[in-house]
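Student: Dumping the structure here so I can ask a few things about it.
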Amino acid sequence: MPQLVKLGPVPMSLIYIDDGPKIVYTEEWIDGKSLREIIKSQGRVPVSDVLRMAIDMTKAIETLWSVSKIHRDVKPENIIRRSDGSFVLLDLGFALDLDDISLTGSDKICGTVPYYSPEQTNPANKRKLDFRSDLYSLGVVMLEALTGSNPFLPRDGSIEETVRSIQTKEIRRPLNIRDVSPDLETLVLRLLAKEPHLRFRSCKMLLDSLNMIKEGMVGESG
Amino acid sequence: MSILSQHGFQTENITESGLNKGCIEGVILSPYQSGPDDLKEYARNLRSNHKKATLLFDPHFYISTITNANDGHLTDYDYYKSHLDMTCFSPNLIQDYVRKLVKFQSIIDFDAIVSPSIMIGDFSEYQALVTIQLGQATIEQIKENKIDKPVLISLTFEESALDNWDALKNFLNSITLLDVVGFFINVRLKDTTSYPVCDPDSLGNLMYFTYVLSNVNKFKTFFGYTDFISVLLHAFGATAAGNGWSTSLRHFPMLKFEGKGPKGGRQSSRYSSVHLLNSMTVVPDLQSIADAGFLQDVLSGSSYDKALSPNPSAGMASWSREISCLHHWEILSNLARKVTKDKNVNARISVLKGLIKNGLDIYSKLDQGDIVWKQPSSDNRNLLCWQQAIDKFEKRLKT
């Protein structure tokens, strides 16, 4: 019998059969709303929900990276809040297997432009991407959830302008967002660093920081 | 934050005194200096006398790619090979070097296993890739043999490698993905004749390099052959810096390894000033400062100072090589403590700027006394270079 391991907050499983591990994508009916719908209806998402979302997404990105995959399309539309309040990352259609030949053409960039990491905007980097690219996208999603808008979307909405904005626009402190602590502000800005080496070198480091901020909030309100 | 003794010619007794007096916290052992049996014995003695000391091993593998190298005792080591060129780094050969090196280090009570490295002239070169492969092979070897020791990836590069900014950033992107405790770094300065003066552009990038590894990514970073630059490196997050007193232990002695360095000879007695963040000869430099009436501005306030005050040349006889070295380590340790008092890098930079400004003010004062430095490196250029390098670093982070 193959051994089946459910891989955290992503709809896929790892099974072990004769010649090693295999990834199995599963379809699951998720009763919930997308983060896009939540942002649309609420404008700004409460900090506690953003933290929970970030923790669940980091675990999802960590799970993918443990099997040499990156998602490449982390965005509000692909994040669903279940009725129990937890978040799940959907749509692995663009997930890139760094150990294998990808289904998508090598000269194409995949994903949704306003959530691209700076390195993702260059197709030549495709094989050089790592999980820190997904962490950058998560940073954009967090900022959008906290403020209600994507900071890299230009007024004219053109792809060229968006790409230029991602490559050159610096988001600086203070962000002046209500209820956002300096530690959370620092964390979001770090995720949005233009260089991968300035973000987090492991998902565990990011999770530790997120949990620390979350515990700090519980301490304050308690 | 600590200063480590850089193992070299006849440094054992001084190192022992330094560890006993607490002005150093460990030793970087050198296979260039001692054969395997002597080195094992030395490490065993160090460990039994100083249980808490940091003991690291610099494999000196980078000498293997130098043509007609002066490789000291290295040829006595199983892992070392002379005259390697870039065709000698196939996956199988890399595994072979690493397996032997890890085996040697694992039988000695070092604090970490250090991977082999080769000299990198530019981070976009094949040598940079080989260095990463040597590091990855070391990580695999440790896992395979279930060795319960942390791994330090060894990096050895030319100062000029820091000038290729895009290549440096790509290299940082690669090495920050390595699952290790930290890095062991040697930097060969561009112009060792003007040491410790560096190019401010490359020094600013070295600060960035150190900051990214140590502060942002929380790696431990150990630097070999550092001298006063250890103050800067500590401010930007370095864990420890190796330092000796002879010229070849204060900066990376590539010329010696290439067999081109100056032969032996007794070096002038030197004095390290905590205020000038620099060292100088006792005679004539410190003596001329005393003659001009500025001795108290320059003296470090160490208990060793009394030998040279009020008349440095009269104290020369008691300013032995050992005292000079212990004093130097004490000054560097004090400075490292001072710049790392605060955890925040901005606060550290602010302390550093204060120290540099104070040093430059004293240098201005000395200018009035017409001090002529025996070696150009004793003047204020290194502090001016540090100032520019810090500006450069700050601009880098903003962009």
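Labels used: A, B, ... for chains in the order of the structure tokens, numbers from 1 for residues in each chain, and numbers from 1 for ligands as shown.
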Specify as a list in words all residues of chain A found within 8 Å of chain B, counting only C-alpha atoms.
Tutor: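 Applying the cut-off to the listed atoms yields Glu195, Pro196, His197, Leu198, Arg199, Phe200, Arg201 and Ser202 of chain A.
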Student: Could those residues be written to a file, using C-alpha atoms, as a PDB file, in the first residue's frame?
Tutor:
ATOM      1  CA  GLU A 195      16.756  41.057  -3.352  1.00  0.00           C
ATOM      2  CA  PRO A 196      15.898  37.509  -2.212  1.00  0.00           C
ATOM      3  CA  HIS A 197      18.881  37.512   0.179  1.00  0.00           C
ATOM      4  CA  LEU A 198      17.261  40.366   2.112  1.00  0.00           C
ATOM      5  CA  ARG A 199      14.048  38.410   2.768  1.00  0.00           C
ATOM      6  CA  PHE A 200      13.930  35.254   4.941  1.00  0.00           C
ATOM      7  CA  ARG A 201      16.319  32.395   4.289  1.00  0.00           C
ATOM      8  CA  SER A 202      13.828  29.818   5.499  1.00  0.00           C
TER       9      SER A 202
END
Student: Using only C-alpha atoms, determine which residues lie at most 12 Å from Val45 of chain A, disregarding the query and same-chain residues fewer than 4 positions distant; provide the list as a list in words.
Tutor: Leu35, Arg36, Glu37, Ile38, Ile39, Lys40, Ser41, Asp49, Val50, Leu51, Arg52, Met53, Pro76, Val141, Met142, Leu143, Glu144, Ala145, Leu146, Thr147, Gly148, Ser149, Ile177, Arg178, Asp179 and Val180 of chain A
Student: Check segment 139-368 of chain B with DSSP on the backbone and list each residue it calls alpha helix (DSSP H), as a PyMOL selection string.
Tutor: chain B and resi 139-144+165-175+200-211+229-235+247-250+254-257+287-291+295-298+312-315+321-339+345-368
Student: Please list as a PyMOL selection string every residue within 12 Å of Asp367 of chain B, counting only C-alpha atoms and excluding residues in the same chain fewer than 2 positions away.
Tutor: chain B and resi 288-289+292+294+360-365+369-373+379-380
Student: Go ahead and save the picked residues with C-alpha atoms, as an mmCIF file, in the first residue's frame.
Tutor:
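What follows is the written file selection.cif:
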data_model
loop_
_atom_site.group_PDB
_atom_site.id
_atom_site.type_symbol
_atom_site.label_atom_id
_atom_site.label_comp_id
_atom_site.auth_asym_id
_atom_site.auth_seq_id
_atom_site.Cartn_x
_atom_site.Cartn_y
_atom_site.Cartn_z
ATOM 1 C CA SER B 288 57.423 61.438 17.727
ATOM 2 C CA ILE B 289 53.849 61.700 19.034
ATOM 3 C CA ALA B 292 55.024 66.553 20.132
ATOM 4 C CA PHE B 294 50.225 64.190 22.257
ATOM 5 C CA LEU B 360 40.112 61.724 12.793
ATOM 6 C CA ASP B 361 40.014 64.584 15.320
ATOM 7 C CA ILE B 362 43.108 63.155 17.016
ATOM 8 C CA TYR B 363 44.822 62.716 13.651
ATOM 9 C CA SER B 364 44.120 66.412 12.927
ATOM 10 C CA LYS B 365 45.698 67.310 16.228
ATOM 11 C CA GLY B 369 52.877 68.129 15.573
ATOM 12 C CA ASP B 370 54.254 67.300 12.126
ATOM 13 C CA ILE B 371 54.252 63.590 12.787
ATOM 14 C CA VAL B 372 55.833 61.659 9.922
ATOM 15 C CA TRP B 373 54.605 58.086 9.826
ATOM 16 C CA ASP B 379 48.075 57.715 8.911
ATOM 17 C CA ASN B 380 44.396 58.653 8.791
#
Student: Would you mind reading off the distance between atom CA of Ser214 of chain B and atom CA of Ala238 of chain B, one decimal, in Å?
Tutor: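 A separation of 6.2 Å between them.
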Student: Atom CA of Val345 of chain B and atom CA of Phe236 of chain B are how many Å apart?
Tutor: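 One can read the atom CA of Val345 of chain B to atom CA of Phe236 of chain B distance as 6.6 Å.
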Student: Identify, on the basis of only C-alpha atoms, every residue whose closest approach to His7 of chain B does not exceed 10 Å; exclude the query and any residue fewer than 6 positions from it along the same chain; express the result as a count of residues only.
Tutor: 15
